[in-house]
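Source file: entry_29.cif. Holds: mmCIF, C-alpha atoms.
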data_final
loop_
_atom_site.group_PDB
_atom_site.id
_atom_site.type_symbol
_atom_site.label_atom_id
_atom_site.label_comp_id
_atom_site.auth_asym_id
_atom_site.auth_seq_id
_atom_site.Cartn_x
_atom_site.Cartn_y
_atom_site.Cartn_z
ATOM 1 C CA MET A 214 22.500 -1.428 16.507
ATOM 2 C CA SER A 215 20.191 -3.296 14.160
ATOM 3 C CA ARG A 216 19.779 -7.007 14.533
ATOM 4 C CA ILE A 217 19.001 -9.790 12.097
ATOM 5 C CA ASP A 218 17.440 -13.118 12.911
ATOM 6 C CA PHE A 219 20.358 -15.272 11.749
ATOM 7 C CA VAL A 220 18.083 -18.264 11.160
ATOM 8 C CA THR A 221 15.724 -16.544 8.704
ATOM 9 C CA GLY A 222 17.587 -13.371 7.719
ATOM 10 C CA ALA A 223 14.386 -11.454 8.518
ATOM 11 C CA PRO A 224 14.618 -7.859 9.664
ATOM 12 C CA GLU A 225 14.200 -7.091 13.310
ATOM 13 C CA LYS A 226 14.858 -3.364 13.335
ATOM 14 C CA TYR A 227 12.157 -2.733 10.704
ATOM 15 C CA ALA A 228 9.728 -5.480 11.680
ATOM 16 C CA HIS A 229 7.227 -2.856 12.890
ATOM 17 C CA LEU A 230 7.016 -1.435 9.341
ATOM 18 C CA VAL A 231 6.417 -4.893 7.886
ATOM 19 C CA GLU A 232 3.793 -5.583 10.559
ATOM 20 C CA ALA A 233 1.976 -2.313 9.766
ATOM 21 C CA LEU A 234 1.680 -3.414 6.123
ATOM 22 C CA ALA A 235 0.739 -6.964 7.093
ATOM 23 C CA THR A 236 -2.341 -5.733 8.977
ATOM 24 C CA VAL A 237 -3.687 -3.523 6.146
ATOM 25 C CA ALA A 238 -6.109 -6.102 4.726
ATOM 26 C CA THR A 239 -7.483 -7.053 8.146
ATOM 27 C CA ARG A 240 -8.035 -3.403 9.101
ATOM 28 C CA LEU A 241 -9.558 -2.675 5.706
ATOM 29 C CA ARG A 242 -11.962 -5.632 5.868
ATOM 30 C CA ALA A 243 -13.035 -4.627 9.383
ATOM 31 C CA THR A 244 -13.709 -1.091 8.141
ATOM 32 C CA VAL A 245 -16.034 -2.156 5.314
ATOM 33 C CA GLU A 246 -17.543 -5.219 7.001
ATOM 34 C CA GLY A 247 -21.313 -5.366 6.590
ATOM 35 C CA LYS A 248 -21.433 -2.454 4.142
ATOM 36 C CA ARG A 249 -23.433 -2.885 0.949
ATOM 37 C CA ASP A 250 -22.064 -1.951 -2.441
ATOM 38 C CA ALA A 251 -24.417 1.057 -2.609
ATOM 39 C CA GLU A 252 -22.942 2.409 0.648
ATOM 40 C CA LEU A 253 -19.402 1.942 -0.642
ATOM 41 C CA ARG A 254 -20.214 3.717 -3.908
ATOM 42 C CA ARG A 255 -22.032 6.664 -2.289
ATOM 43 C CA GLU A 256 -20.103 9.838 -3.079
ATOM 44 C CA PRO A 257 -20.231 12.422 -0.327
ATOM 45 C CA GLU A 258 -20.056 16.017 -1.490
ATOM 46 C CA GLY A 259 -16.473 16.979 -2.197
ATOM 47 C CA ALA A 260 -15.027 13.565 -1.301
ATOM 48 C CA TRP A 261 -14.257 10.242 -2.897
ATOM 49 C CA SER A 262 -16.582 7.323 -2.304
ATOM 50 C CA ALA A 263 -15.206 4.425 -0.264
ATOM 51 C CA HIS A 264 -15.176 2.414 -3.504
ATOM 52 C CA HIS A 265 -13.052 5.080 -5.206
ATOM 53 C CA VAL A 266 -10.598 4.956 -2.293
ATOM 54 C CA LEU A 267 -10.424 1.150 -2.586
ATOM 55 C CA ALA A 268 -9.593 1.413 -6.303
ATOM 56 C CA HIS A 269 -6.903 3.990 -5.523
ATOM 57 C CA MET A 270 -5.462 1.729 -2.808
ATOM 58 C CA ALA A 271 -5.390 -1.236 -5.206
ATOM 59 C CA VAL A 272 -3.453 0.790 -7.786
ATOM 60 C CA PHE A 273 -0.936 1.979 -5.205
ATOM 61 C CA ALA A 274 -0.581 -1.433 -3.559
ATOM 62 C CA GLN A 275 0.409 -2.829 -6.948
ATOM 63 C CA ARG A 276 2.648 0.049 -8.068
ATOM 64 C CA ASN A 277 4.412 0.473 -4.728
ATOM 65 C CA GLY A 278 4.763 -3.288 -4.294
ATOM 66 C CA VAL A 279 6.650 -3.547 -7.571
ATOM 67 C CA PHE A 280 8.807 -0.551 -6.682
ATOM 68 C CA ILE A 281 9.616 -1.866 -3.198
ATOM 69 C CA HIS A 282 10.725 -5.169 -4.734
ATOM 70 C CA GLN A 283 12.875 -3.273 -7.249
ATOM 71 C CA MET A 284 14.436 -1.205 -4.466
ATOM 72 C CA GLY A 285 15.381 -4.365 -2.602
ATOM 73 C CA THR A 286 16.876 -6.101 -5.637
ATOM 74 C CA MET A 287 18.126 -3.435 -8.076
ATOM 75 C CA SER A 288 20.595 -0.574 -7.967
ATOM 76 C CA ASP A 289 18.885 2.802 -7.647
ATOM 77 C CA PRO A 290 15.609 1.998 -9.463
ATOM 78 C CA GLU A 291 13.062 4.646 -10.382
ATOM 79 C CA ARG A 292 9.342 4.013 -10.055
ATOM 80 C CA LEU A 293 7.851 4.226 -13.502
ATOM 81 C CA PRO A 294 5.409 7.104 -13.940
ATOM 82 C CA PHE A 295 1.741 6.229 -14.316
ATOM 83 C CA ASP A 296 -1.543 8.046 -14.686
ATOM 84 C CA GLU A 297 -3.093 7.479 -11.272
ATOM 85 C CA GLU A 298 -6.454 8.947 -12.249
ATOM 86 C CA VAL A 299 -6.837 6.762 -15.349
ATOM 87 C CA GLU A 300 -5.748 3.582 -13.556
ATOM 88 C CA THR A 301 -8.007 4.269 -10.575
ATOM 89 C CA LYS A 302 -11.023 4.874 -12.851
ATOM 90 C CA THR A 303 -10.280 1.626 -14.690
ATOM 91 C CA TRP A 304 -10.182 -0.334 -11.449
ATOM 92 C CA MET A 305 -13.363 1.312 -10.140
ATOM 93 C CA GLY A 306 -15.344 -1.008 -12.418
ATOM 94 C CA LYS A 307 -14.395 -3.927 -10.189
ATOM 95 C CA PRO A 308 -16.562 -4.929 -7.214
ATOM 96 C CA ALA A 309 -15.349 -3.727 -3.818
ATOM 97 C CA ALA A 310 -14.696 -7.297 -2.649
ATOM 98 C CA SER A 311 -12.401 -7.857 -5.642
ATOM 99 C CA LEU A 312 -10.514 -4.641 -4.909
ATOM 100 C CA ILE A 313 -9.990 -5.683 -1.300
ATOM 101 C CA ASP A 314 -8.767 -9.099 -2.459
ATOM 102 C CA MET A 315 -6.357 -7.387 -4.866
ATOM 103 C CA ILE A 316 -5.053 -5.101 -2.118
ATOM 104 C CA GLU A 317 -4.592 -8.077 0.193
ATOM 105 C CA GLU A 318 -2.755 -10.051 -2.502
ATOM 106 C CA GLU A 319 -0.446 -7.176 -3.461
ATOM 107 C CA ILE A 320 0.317 -6.236 0.134
ATOM 108 C CA GLY A 321 0.878 -9.933 0.911
ATOM 109 C CA ARG A 322 3.528 -10.155 -1.821
ATOM 110 C CA THR A 323 5.247 -7.067 -0.466
ATOM 111 C CA VAL A 324 5.172 -8.367 3.110
ATOM 112 C CA ALA A 325 6.547 -11.753 2.008
ATOM 113 C CA PHE A 326 9.413 -10.016 0.222
ATOM 114 C CA LEU A 327 10.158 -7.656 3.105
ATOM 115 C CA SER A 328 10.027 -10.496 5.632
ATOM 116 C CA HIS A 329 13.208 -11.874 4.079
ATOM 117 C CA THR A 330 14.939 -8.555 3.487
ATOM 118 C CA PRO A 331 17.845 -8.143 5.921
ATOM 119 C CA ASP A 332 18.179 -4.944 7.924
ATOM 120 C CA ALA A 333 21.270 -3.972 5.915
ATOM 121 C CA SER A 334 19.155 -3.663 2.738
ATOM 122 C CA TRP A 335 16.677 -1.159 4.168
ATOM 123 C CA GLY A 336 18.923 1.772 3.267
ATOM 124 C CA ARG A 337 18.925 0.894 -0.446
ATOM 125 C CA PRO A 338 17.912 3.921 -2.555
ATOM 126 C CA GLY A 339 15.302 4.465 -5.238
ATOM 127 C CA LYS A 340 13.573 7.430 -6.872
ATOM 128 C CA ILE A 341 9.986 8.530 -7.299
ATOM 129 C CA ARG A 342 9.460 11.521 -9.607
ATOM 130 C CA GLY A 343 13.123 12.420 -9.131
ATOM 131 C CA ALA A 344 12.971 12.351 -5.321
ATOM 132 C CA ARG A 345 15.433 9.956 -3.730
ATOM 133 C CA ARG A 346 14.362 7.796 -0.795
ATOM 134 C CA SER A 347 15.474 4.670 1.018
ATOM 135 C CA LEU A 348 13.644 1.360 1.093
ATOM 136 C CA ARG A 349 12.778 2.090 4.726
ATOM 137 C CA GLN A 350 11.290 5.459 3.803
ATOM 138 C CA GLN A 351 9.297 3.928 0.953
ATOM 139 C CA VAL A 352 7.893 1.111 3.101
ATOM 140 C CA GLU A 353 7.010 3.531 5.892
ATOM 141 C CA SER A 354 5.347 5.889 3.401
ATOM 142 C CA HIS A 355 3.450 3.014 1.805
ATOM 143 C CA GLY A 356 2.143 1.802 5.172
ATOM 144 C CA ASN A 357 1.153 5.323 6.206
ATOM 145 C CA HIS A 358 -0.577 5.906 2.858
ATOM 146 C CA MET A 359 -2.659 2.755 3.286
ATOM 147 C CA ALA A 360 -3.508 3.642 6.904
ATOM 148 C CA GLU A 361 -4.614 7.148 5.897
ATOM 149 C CA HIS A 362 -6.948 5.710 3.276
ATOM 150 C CA ILE A 363 -8.436 3.185 5.687
ATOM 151 C CA GLU A 364 -9.242 6.114 7.973
ATOM 152 C CA GLN A 365 -10.625 8.037 4.982
ATOM 153 C CA ILE A 366 -12.967 5.110 4.187
ATOM 154 C CA ARG A 367 -14.064 4.976 7.844
ATOM 155 C CA THR A 368 -14.865 8.714 7.739
ATOM 156 C CA VAL A 369 -16.735 8.505 4.419
ATOM 157 C CA LEU A 370 -18.825 5.573 5.620
ATOM 158 C CA ALA A 371 -19.675 7.395 8.862
ATOM 159 C CA THR A 372 -20.882 10.451 6.907
ATOM 160 C CA LYS A 373 -24.616 10.409 6.194
#
Translate the structure described by the file into structure tokens.
Amino acid sequence: MSRIDFVTGAPEKYAHLVEALATVATRLRATVEGKRDAELRREPEGAWSAHHVLAHMAVFAQRNGVFIHQMGTMSDPERLPFDEEVETKTWMGKPAASLIDMIEEEIGRTVAFLSHTPDASWGRPGKIRGARRSLRQQVESHGNHMAEHIEQIRTVLATK
């Protein structure tokens, strides 16, 4: 049986998903700590540069953050389509530090919202490209997506 902190209304059953998102910026900063811009922009053969991954993460942190908020407050919202490649290329012009700040800010907004979302709301539905999913599924997917990209950055930076 799920539980709610009756003082704050914060979720207890899904707190681990909120915590996973809350640590994204810290894990990301630790991954790129001490790396120069040239290292972050180096493109290994057949892979994105760490900088490219950061731009992608910034786009998705913003887009998924908006959608997660909509799922928690609207009836059956659908994430608006967007051209990921175009948006990522646009954001690649920003310095890596700015991208990390943007990711941290967007994730922070999402975490703040989710921290006050009662357990009962985590089953609320939404759609992405016609596929239906719950708020819980979207938050879990978002956290996993960010974690996969942090690992991707770690791998790219370890490649010589």
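Of the listed residues (A:Lys373, A:His355, A:Arg342, A:His229), A:His355 comes nearest to Gln275 of chain A; the distances count all atoms listed in the file.
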Separation of atom CA of Val324 of chain A and atom CA of Val266 of chain A, in Å? 21.3 Å
Select, from A:Glu317, A:Asp296, A:Glu353, A:Glu256, the residue with the minimum atom-to-atom distance to Ala233 of chain A, counting all atoms listed in the file.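 Result for the nearest residue to Ala233 of chain A: A:Glu353.
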Counting all atoms listed in the file, which of A:Thr244, A:Ser334, A:Asn357, A:Thr236 gets nearest to Ile281 of chain A? A:Ser334
Work out how far apart atom CA of Asp332 of chain A and atom CA of Lys226 of chain A are and give it in Å to one decimal.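 Going from atom CA of Asp332 of chain A over to atom CA of Lys226 of chain A, I get 6.5 Å.
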Between atom CA of Ala274 of chain A and atom CA of Glu319 of chain A, what is the distance in Å, rounded to a tenth?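 Distance reported for this atom pair: 5.7 Å.
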Counting only C-alpha atoms, find the residues whose atoms lie at most 12 Å from (1.2, -6.4, 5.5) (file coordinates) and write them out as a PyMOL selection string. chain A and resi 228-241+274+278+316-328+352-353+355-357+359-360
Restricting the calculation to all atoms listed in the file: of A:His358, A:Arg349, A:Thr330, A:Ile313, which residue gets closest to Ala243 of chain A?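 For Ala243 of chain A, the nearest of the candidates is A:Ile313.
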Within 12 Å of (12.2, 7.2, -14.0), all atoms listed in the file: residues as JSON, numbers by chain? {"A": [280, 289, 290, 291, 292, 293, 294, 295, 339, 340, 341, 342, 343, 344, 345]}
Would you pick out the contacts of Lys248 of chain A at 12 Å or less, using all atoms listed in the file, so that residues sharing its chain but fewer than 6 positions from it are not included, and give the list as an NGL selection string? :A and (241-242 or 254-255 or 263-264 or 309-310 or 366-367 or 369-371)
Using all atoms listed in the file, find the one residue out of A:His362, A:Gln283, A:His269, A:Ser262 that sits nearest to Asp250 of chain A.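 For Asp250 of chain A, the nearest of the candidates is A:Ser262.
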Measuring atom to atom with all atoms listed in the file, identify which of A:Val245, A:Val279, A:Leu348, A:Ala268 is nearest to Gly336 of chain A.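 Result for the nearest residue to Gly336 of chain A: A:Leu348.
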